[in-house]
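Here is entry_21.cif, consisting of mmCIF, C-alpha atoms:
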data_coords
#
loop_
_atom_site.label_atom_id
_atom_site.label_comp_id
_atom_site.auth_asym_id
_atom_site.auth_seq_id
_atom_site.Cartn_x
_atom_site.Cartn_y
_atom_site.Cartn_z
CA MET A 167 -34.04 40.36 12.17
CA TYR A 168 -37.27 42.10 12.93
CA GLU A 169 -36.45 44.98 10.55
CA TYR A 170 -37.41 42.84 7.53
CA THR A 171 -40.48 40.82 6.62
CA TRP A 172 -40.38 37.16 5.64
CA TYR A 173 -40.71 37.88 1.93
CA GLN A 174 -37.96 40.51 2.16
CA TRP A 175 -35.65 37.97 3.79
CA LEU A 176 -36.47 35.52 0.95
CA THR A 177 -35.79 38.29 -1.57
CA PHE A 178 -32.37 38.91 -0.02
CA PHE A 179 -31.74 35.15 -0.07
CA PHE A 180 -32.46 34.79 -3.80
CA ILE A 181 -30.53 37.93 -4.68
CA TYR A 182 -27.41 36.76 -2.87
CA CYS A 183 -27.82 33.27 -4.35
CA PHE A 184 -27.73 34.88 -7.78
CA PHE A 185 -24.74 37.09 -6.94
CA GLY A 186 -22.90 34.09 -5.57
CA TRP A 187 -23.56 32.13 -8.76
CA ILE A 188 -22.22 35.05 -10.85
CA PHE A 189 -19.09 35.30 -8.70
CA GLU A 190 -18.34 31.57 -8.65
CA SER A 191 -19.09 30.93 -12.32
CA THR A 192 -17.10 33.96 -13.47
CA TYR A 193 -14.09 33.06 -11.34
CA VAL A 194 -13.98 29.38 -12.36
CA SER A 195 -14.74 30.12 -16.02
CA ALA A 196 -11.91 32.66 -16.18
CA LYS A 197 -9.58 30.18 -14.48
CA THR A 198 -10.41 27.26 -16.80
CA GLY A 199 -10.87 29.27 -20.00
CA ARG A 200 -14.40 27.95 -20.63
CA PHE A 201 -17.84 28.53 -19.17
CA VAL A 202 -18.52 26.51 -16.02
CA ASN A 203 -21.87 26.43 -14.24
CA ARG A 204 -20.87 26.39 -10.60
CA GLY A 205 -24.37 25.94 -9.34
CA PHE A 206 -25.73 22.85 -7.66
CA LEU A 207 -29.07 23.75 -9.27
CA ARG A 208 -30.04 24.28 -12.88
CA LEU A 209 -31.14 27.79 -12.03
CA PRO A 210 -28.40 30.44 -11.76
CA LEU A 211 -28.49 30.26 -7.97
CA LEU A 212 -26.01 29.13 -5.34
CA PRO A 213 -27.93 28.43 -2.11
CA LEU A 214 -24.75 28.42 -0.04
CA TYR A 215 -24.09 32.09 -0.80
CA GLY A 216 -27.69 33.09 -0.15
CA THR A 217 -27.77 31.17 3.13
CA GLY A 218 -24.40 32.58 4.18
CA ALA A 219 -25.38 36.16 3.37
CA VAL A 220 -28.68 35.90 5.24
CA MET A 221 -26.93 34.32 8.23
CA MET A 222 -24.23 37.02 8.23
CA LEU A 223 -26.89 39.74 8.16
CA TRP A 224 -28.95 38.04 10.83
CA VAL A 225 -26.08 37.51 13.32
CA SER A 226 -24.56 40.94 12.70
CA LEU A 227 -27.73 42.99 13.15
CA PRO A 228 -27.48 43.10 16.96
CA VAL A 229 -23.84 44.33 16.78
CA LYS A 230 -23.93 46.22 13.48
CA ASP A 231 -22.46 49.31 15.11
CA ASN A 232 -19.30 47.43 16.25
CA LEU A 233 -17.14 46.31 13.31
CA LEU A 234 -14.99 44.00 15.45
CA LEU A 235 -18.03 42.11 16.66
CA VAL A 236 -19.43 42.06 13.13
CA TYR A 237 -16.14 40.53 11.98
CA LEU A 238 -16.10 37.89 14.74
CA THR A 239 -19.74 36.93 14.29
CA GLY A 240 -19.20 36.64 10.56
CA VAL A 241 -16.17 34.37 11.07
CA ILE A 242 -17.99 32.07 13.48
CA ALA A 243 -21.33 31.92 11.68
CA ALA A 244 -19.93 31.48 8.18
CA THR A 245 -17.41 28.85 9.32
CA LEU A 246 -20.10 26.80 11.06
CA LEU A 247 -22.39 27.08 8.05
CA GLU A 248 -19.62 26.03 5.66
CA TYR A 249 -18.67 23.01 7.77
CA VAL A 250 -22.24 21.78 8.30
CA THR A 251 -23.14 22.28 4.65
CA GLY A 252 -20.01 20.56 3.37
CA TRP A 253 -20.36 17.64 5.79
CA GLY A 254 -24.08 17.20 5.07
CA MET A 255 -23.71 17.33 1.29
CA GLY A 256 -20.78 14.94 1.48
CA ARG A 257 -22.77 12.43 3.51
CA LEU A 258 -25.89 12.82 1.40
CA PHE A 259 -24.43 12.96 -2.10
CA LYS A 260 -21.17 11.02 -1.50
CA MET A 261 -18.97 13.76 -2.92
CA LYS A 262 -17.24 16.99 -1.92
CA TYR A 263 -18.33 20.20 -3.61
CA TRP A 264 -15.25 22.00 -2.21
CA ASP A 265 -12.08 20.76 -0.60
CA TYR A 266 -9.57 22.69 1.52
CA SER A 267 -7.32 19.70 2.08
CA SER A 268 -4.42 21.46 0.37
CA GLN A 269 -4.73 24.45 2.73
CA ARG A 270 -3.04 24.67 6.10
CA PHE A 271 -5.09 24.38 9.29
CA ASN A 272 -8.05 22.71 7.60
CA VAL A 273 -10.64 20.47 9.22
CA LYS A 274 -11.39 17.42 7.04
CA GLY A 275 -11.21 19.65 3.98
CA TYR A 276 -14.52 21.37 4.78
CA ILE A 277 -13.13 24.52 6.42
CA CYS A 278 -9.73 26.15 6.87
CA LEU A 279 -8.24 29.10 8.72
CA SER A 280 -7.70 31.30 5.66
CA SER A 281 -11.30 30.78 4.54
CA SER A 282 -12.65 31.65 7.98
CA ILE A 283 -10.57 34.85 8.09
CA ALA A 284 -11.89 35.79 4.66
CA TRP A 285 -15.47 35.17 5.78
CA GLY A 286 -15.05 37.80 8.52
CA PHE A 287 -13.91 40.46 6.06
CA LEU A 288 -16.67 39.47 3.64
CA THR A 289 -19.19 39.96 6.44
CA ILE A 290 -18.00 43.53 6.98
CA PHE A 291 -17.93 44.15 3.23
CA LEU A 292 -21.44 42.73 2.91
CA THR A 293 -23.03 44.66 5.77
CA GLU A 294 -21.28 47.99 5.13
CA VAL A 295 -21.00 48.10 1.32
CA VAL A 296 -23.01 45.54 -0.62
CA HIS A 297 -26.18 45.28 1.43
CA ARG A 298 -27.02 48.96 1.70
CA PRO A 299 -28.03 49.53 -1.98
CA ILE A 300 -29.72 46.13 -2.14
CA GLU A 301 -31.64 46.90 1.03
CA HIS A 302 -32.71 50.24 -0.42
CA TYR A 303 -33.91 48.54 -3.64
CA VAL A 304 -35.82 45.73 -1.88
CA LEU A 305 -37.50 48.01 0.62
CA GLY A 306 -38.67 50.17 -2.26
CA LEU A 307 -40.47 47.31 -4.07
CA PRO A 308 -44.29 47.21 -3.92
CA VAL A 309 -45.48 44.55 -1.52
CA MET A 310 -47.50 42.55 -4.08
CA VAL A 311 -44.69 42.65 -6.62
CA ASN A 312 -42.26 41.46 -3.99
CA ILE A 313 -44.58 38.67 -2.80
CA VAL A 314 -45.35 37.46 -6.35
CA PHE A 315 -41.60 37.47 -7.18
CA VAL A 316 -40.85 35.52 -4.02
CA LEU A 317 -43.62 32.96 -4.60
CA ILE A 318 -42.69 32.29 -8.24
CA THR A 319 -38.98 32.11 -7.49
CA THR A 320 -39.62 29.85 -4.50
CA LEU A 321 -41.68 27.41 -6.60
CA LEU A 322 -38.99 27.29 -9.29
CA PHE A 323 -36.30 26.95 -6.64
CA ALA A 324 -38.15 24.12 -4.86
CA ALA A 325 -38.77 22.20 -8.11
CA ASP A 326 -35.19 22.66 -9.25
CA THR A 327 -33.89 21.64 -5.83
CA ALA A 328 -36.01 18.47 -5.80
CA GLU A 329 -34.85 17.49 -9.29
CA SER A 330 -31.23 18.32 -8.55
CA VAL A 331 -31.33 16.38 -5.28
CA LYS A 332 -32.82 13.40 -7.10
CA THR A 333 -30.12 13.58 -9.75
CA ALA A 334 -27.45 13.94 -7.09
CA LEU A 335 -28.84 10.95 -5.19
CA ASP A 336 -28.82 8.90 -8.39
CA LEU A 337 -25.27 10.03 -8.94
CA ALA A 338 -24.49 9.02 -5.37
CA LYS A 339 -25.87 5.56 -6.09
CA VAL A 340 -23.75 5.37 -9.21
CA LEU A 341 -20.73 6.46 -7.19
CA ASP A 342 -21.51 3.82 -4.56
CA ALA A 343 -21.76 1.18 -7.29
CA MET A 344 -18.49 2.39 -8.77
CA THR A 345 -16.91 2.30 -5.33
CA ASP A 346 -18.08 -1.27 -4.83
CA MET A 347 -16.85 -2.17 -8.29
CA ARG A 348 -13.51 -0.59 -7.54
CA ALA A 349 -13.30 -2.55 -4.30
CA GLU A 350 -14.07 -5.75 -6.19
CA LEU A 351 -11.43 -4.87 -8.78
CA ASP A 352 -8.93 -4.25 -6.00
CA ASP A 353 -9.79 -7.66 -4.54
CA ILE A 354 -9.36 -9.25 -7.96
CA GLN A 355 -6.01 -7.54 -8.38
CA VAL A 356 -4.92 -8.77 -4.97
CA GLN A 357 -6.03 -12.31 -5.81
CA MET A 358 -4.24 -12.12 -9.17
CA ALA A 359 -1.10 -10.88 -7.44
CA LEU A 360 -1.31 -13.76 -4.96
CA LEU A 361 -1.94 -16.22 -7.79
CA LYS A 362 0.97 -14.80 -9.75
CA ALA A 363 3.23 -15.09 -6.72
CA GLU A 364 2.05 -18.65 -6.10
CA THR A 365 2.52 -19.53 -9.77
CA SER A 366 6.00 -18.03 -9.76
CA GLU A 367 6.83 -20.02 -6.64
CA ARG A 368 5.53 -23.22 -8.21
CA VAL A 369 7.45 -22.53 -11.42
CA ALA A 370 10.60 -21.93 -9.38
CA GLU A 371 10.04 -25.17 -7.48
CA ALA A 372 9.41 -27.03 -10.76
CA ARG A 373 12.61 -25.57 -12.21
CA GLU A 374 14.59 -26.58 -9.15
CA GLU A 375 13.10 -30.07 -9.23
CA ALA A 376 13.83 -30.38 -12.97
CA ALA A 377 17.38 -29.15 -12.42
CA ALA A 378 17.83 -31.69 -9.61
CA ARG A 379 16.47 -34.48 -11.80
CA LEU A 380 18.74 -33.44 -14.66
CA SER A 381 21.71 -33.38 -12.30
CA ARG A 382 20.83 -36.84 -11.03
CA MET A 383 20.40 -38.08 -14.59
CA LYS A 384 23.77 -36.62 -15.55
CA SER A 385 25.41 -38.20 -12.52
CA GLY A 386 23.77 -41.57 -13.29
CA ALA A 387 24.74 -41.36 -16.95
CA ALA A 388 28.32 -40.47 -16.00
CA SER A 389 28.51 -43.37 -13.53
CA HIS A 390 27.00 -45.76 -16.10
CA ALA A 391 29.42 -44.53 -18.74
CA ALA A 392 32.38 -44.98 -16.38
CA ALA A 393 31.20 -48.46 -15.44
CA PHE A 394 30.65 -49.34 -19.09
CA LYS A 395 34.13 -48.01 -19.95
CA ASP A 396 35.75 -50.03 -17.17
CA ASP A 397 33.81 -53.14 -18.16
CA THR A 398 34.73 -52.67 -21.83
CA ALA A 399 38.40 -52.17 -20.96
CA GLU A 400 38.35 -55.27 -18.77
CA ARG A 401 36.69 -57.35 -21.47
CA LEU A 402 39.14 -56.02 -24.06
CA ASN A 403 42.08 -56.94 -21.84
CA GLU A 404 40.66 -60.43 -21.31
CA LEU A 405 40.14 -60.78 -25.06
CA VAL A 406 43.69 -59.65 -25.78
CA GLU A 407 45.07 -62.04 -23.18
CA ASN A 408 42.99 -64.94 -24.54
CA THR A 409 44.08 -64.08 -28.06
CA MET A 410 47.74 -63.94 -27.02
CA GLU A 411 47.41 -67.29 -25.22
CA LYS A 412 45.78 -68.85 -28.24
CA MET A 413 48.43 -67.45 -30.58
CA SER A 414 51.20 -68.62 -28.27
CA GLY A 415 49.66 -72.11 -28.12
CA PHE A 416 49.27 -72.12 -31.89
CA VAL A 417 52.89 -71.10 -32.42
CA GLU A 418 54.15 -73.72 -29.97
CA GLY A 419 51.98 -76.41 -31.59
CA THR A 420 53.22 -75.46 -35.04
CA ALA A 421 56.84 -75.61 -33.83
CA GLU A 422 56.30 -79.03 -32.33
CA LYS A 423 54.70 -80.30 -35.52
CA ASN A 424 57.60 -78.98 -37.60
CA GLY A 425 60.13 -80.58 -35.25
CA ARG A 426 58.47 -83.98 -35.49
CA SER A 427 58.28 -83.69 -39.26
CA GLY A 428 62.02 -82.87 -39.54
CA GLY A 429 62.99 -85.93 -37.46
CA LYS A 430 61.08 -88.24 -39.70
CA HIS A 431 62.88 -86.95 -42.81
CA SER A 432 66.30 -87.46 -41.13
CA ARG A 433 65.62 -91.07 -40.32
CA LYS A 434 64.42 -91.93 -43.83
CA GLY A 435 67.45 -90.41 -45.60
CA GLY A 436 67.36 -90.58 -49.41
CA PRO A 437 68.29 -88.12 -52.06
CA ASP A 438 66.14 -85.43 -50.65
CA SER A 439 66.93 -85.95 -47.00
CA GLY A 440 69.66 -83.38 -46.98
CA THR A 441 67.48 -80.87 -48.60
CA ALA A 442 64.73 -81.56 -46.07
CA VAL A 443 67.16 -81.21 -43.22
CA ARG A 444 68.38 -77.93 -44.57
CA ALA A 445 64.80 -76.80 -44.94
CA TYR A 446 64.07 -77.49 -41.29
CA GLY A 447 67.53 -76.95 -39.98
CA GLY A 448 66.77 -73.50 -38.70
CA ARG A 449 63.73 -74.63 -36.66
CA GLY A 450 65.07 -76.91 -33.98
CA CYS A 451 66.97 -79.37 -36.20
CA GLN A 452 70.40 -77.79 -35.84
CA GLY A 453 71.95 -80.94 -34.21
CA VAL A 454 71.37 -83.10 -37.30
CA ARG A 455 74.34 -83.19 -39.66
CA TYR A 456 74.27 -83.83 -43.40
CA ALA A 457 75.74 -87.32 -44.09
CA GLY A 458 75.75 -87.11 -47.84
CA PRO A 459 74.18 -89.50 -50.32
CA ALA A 460 73.48 -93.10 -49.20
CA ARG A 461 75.13 -94.54 -52.25
CA GLY A 462 78.48 -92.95 -51.59
CA GLY A 463 78.35 -94.09 -48.04
CA SER A 464 77.88 -97.69 -49.03
CA GLN A 465 80.78 -97.46 -51.45
CA ALA A 466 83.05 -96.15 -48.76
CA GLY A 467 82.02 -98.99 -46.57
CA ASN A 468 82.75 -101.50 -49.22
CA THR A 469 86.27 -100.10 -49.89
CA ALA A 470 87.04 -100.39 -46.18
#
What would the structure in this file look like if it were written as structure tokens?
Amino acid sequence: MYEYTWYQWLTFFFIYCFFGWIFESTYVSAKTGRFVNRGFLRLPLLPLYGTGAVMMLWVSLPVKDNLLLVYLTGVIAATLLEYVTGWGMGRLFKMKYWDYSSQRFNVKGYICLSSSIAWGFLTIFLTEVVHRPIEHYVLGLPVMVNIVFVLITTLLFAADTAESVKTALDLAKVLDAMTDMRAELDDIQVQMALLKAETSERVAEAREEAAARLSRMKSGAASHAAAFKDDTAERLNELVENTMEKMSGFVEGTAEKNGRSGGKHSRKGGPDSGTAVRAYGGRGCQGVRYAGPARGGSQAGNTA
């Protein structure tokens, strides 16, 4: 750490931020088929890569002659940095800027085993390959040029960071509002589901009650119809019996009247008495015999 000055460390930081932005943007743009700015800032800088590179260099300097220790320190330092950064940005901005949830052996999606292994190899690649020409270039810069570059870049970086953080916080507020709205919508959906279930239950009860009423009405109508039928049949039988009795009485009365009328004609005699007897002879006057005309009878009496 004491091999570099503060402005040289800042120069390394901004350089690796820029290289990280190039790597991330190129990879994602090639994958999606369109240009994607993978930076958190508006400037072409990714602070995570700059911070990770500086940390890898800083922790590996004491053991730079032992590649195994360089690898292990890179794994540990980069993994801790990735977890803390991911957790902090998630808590602050209410969103994940990377997610390893689909990878095996991950911790809350912030880190995973494969990523940590890769960080170790990247540390070796950085310290043994990438950093050497960059170190040579930075150490060769004039001091004033380096300081002016660092000051200007730092001011732009600080302003961009403040604006980006503000925008991210506003976005976090919007996301919180959307989360609350979604929770309210979920509550409304639950209430609607409960209301629908209650309505369906009430409709089913109403249908059952209506069906029961209809069944009772049908049963009552059937019983009334049967009672009405029985009553009508009984009244019709009584009417028929009354009618038959009346007809029988009428026939008997008519026969009696005819019998009395036939007797009267027999006692009177006369020219038409025989005819009258014959007229009524078939209706109860069969015992009366025809005696002939009265005049002949008197003549026979006189001859005797």
(Q) Show me, as JSON, numbers by chain, the residues that have an atom within 7 Å of segment 289-299 of chain A when counting all atoms listed in the file, minus same-chain residues fewer than 3 positions from it. (A) {"A": [222, 223, 233, 236, 237, 240, 285, 286, 302, 303]}
Residues as selected, C-alpha atoms, written as a PDB file, keeping the file's coordinate frame, can you do that?
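Output file result-v4.pdb is given in full below:
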ATOM      1  CA  MET A 222     -24.230  37.020   8.230  1.00  0.00           C
ATOM      2  CA  LEU A 223     -26.890  39.740   8.160  1.00  0.00           C
ATOM      3  CA  LEU A 233     -17.140  46.310  13.310  1.00  0.00           C
ATOM      4  CA  VAL A 236     -19.430  42.060  13.130  1.00  0.00           C
ATOM      5  CA  TYR A 237     -16.140  40.530  11.980  1.00  0.00           C
ATOM      6  CA  GLY A 240     -19.200  36.640  10.560  1.00  0.00           C
ATOM      7  CA  TRP A 285     -15.470  35.170   5.780  1.00  0.00           C
ATOM      8  CA  GLY A 286     -15.050  37.800   8.520  1.00  0.00           C
ATOM      9  CA  HIS A 302     -32.710  50.240  -0.420  1.00  0.00           C
ATOM     10  CA  TYR A 303     -33.910  48.540  -3.640  1.00  0.00           C
TER      11      TYR A 303
END
Q. In Å to one decimal, how far is atom CA of Thr319 of chain A from atom CA of Val331 of chain A?
A.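 Atom CA of Thr319 of chain A lies 17.6 Å from atom CA of Val331 of chain A.
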Please list as a short mmCIF file (atom, residue, chain, number, x, y, z; two decimals) with C-alpha atoms, keeping the file's coordinate frame every residue within 9 Å of segment 324-328 of chain A, counting all atoms listed in the file and excluding residues in the same chain fewer than 4 positions away.
data_model
loop_
_atom_site.label_atom_id
_atom_site.label_comp_id
_atom_site.auth_asym_id
_atom_site.auth_seq_id
_atom_site.Cartn_x
_atom_site.Cartn_y
_atom_site.Cartn_z
CA PHE A 206 -25.73 22.85 -7.66
CA LEU A 207 -29.07 23.75 -9.27
CA ARG A 208 -30.04 24.28 -12.88
CA LEU A 209 -31.14 27.79 -12.03
CA THR A 319 -38.98 32.11 -7.49
CA THR A 320 -39.62 29.85 -4.50
CA LYS A 332 -32.82 13.40 -7.10
CA THR A 333 -30.12 13.58 -9.75
#
Q: For the file shown, report as a PyMOL selection string the outcome of the PyMOL selection byres ((chain A and resi 212) around 9) at residue level.
A: chain A and resi 180+182-188+190+204-207+209-211+213-217
Q: To one decimal in Å, tell me the separation between atom CA of Phe179 of chain A and atom CA of Val250 of chain A.
A: 18.4 Å
Taking all atoms of segment 231-238 of chain A that appear in the file, build a box with edges along x, y and z, extend it by 6 Å on every side, and state its centre and edge lengths in Å to one decimal, as AutoDock Vina command-line options.
--center_x -18.7 --center_y 43.6 --center_z 14.3 --size_x 19.5 --size_y 23.4 --size_z 16.7
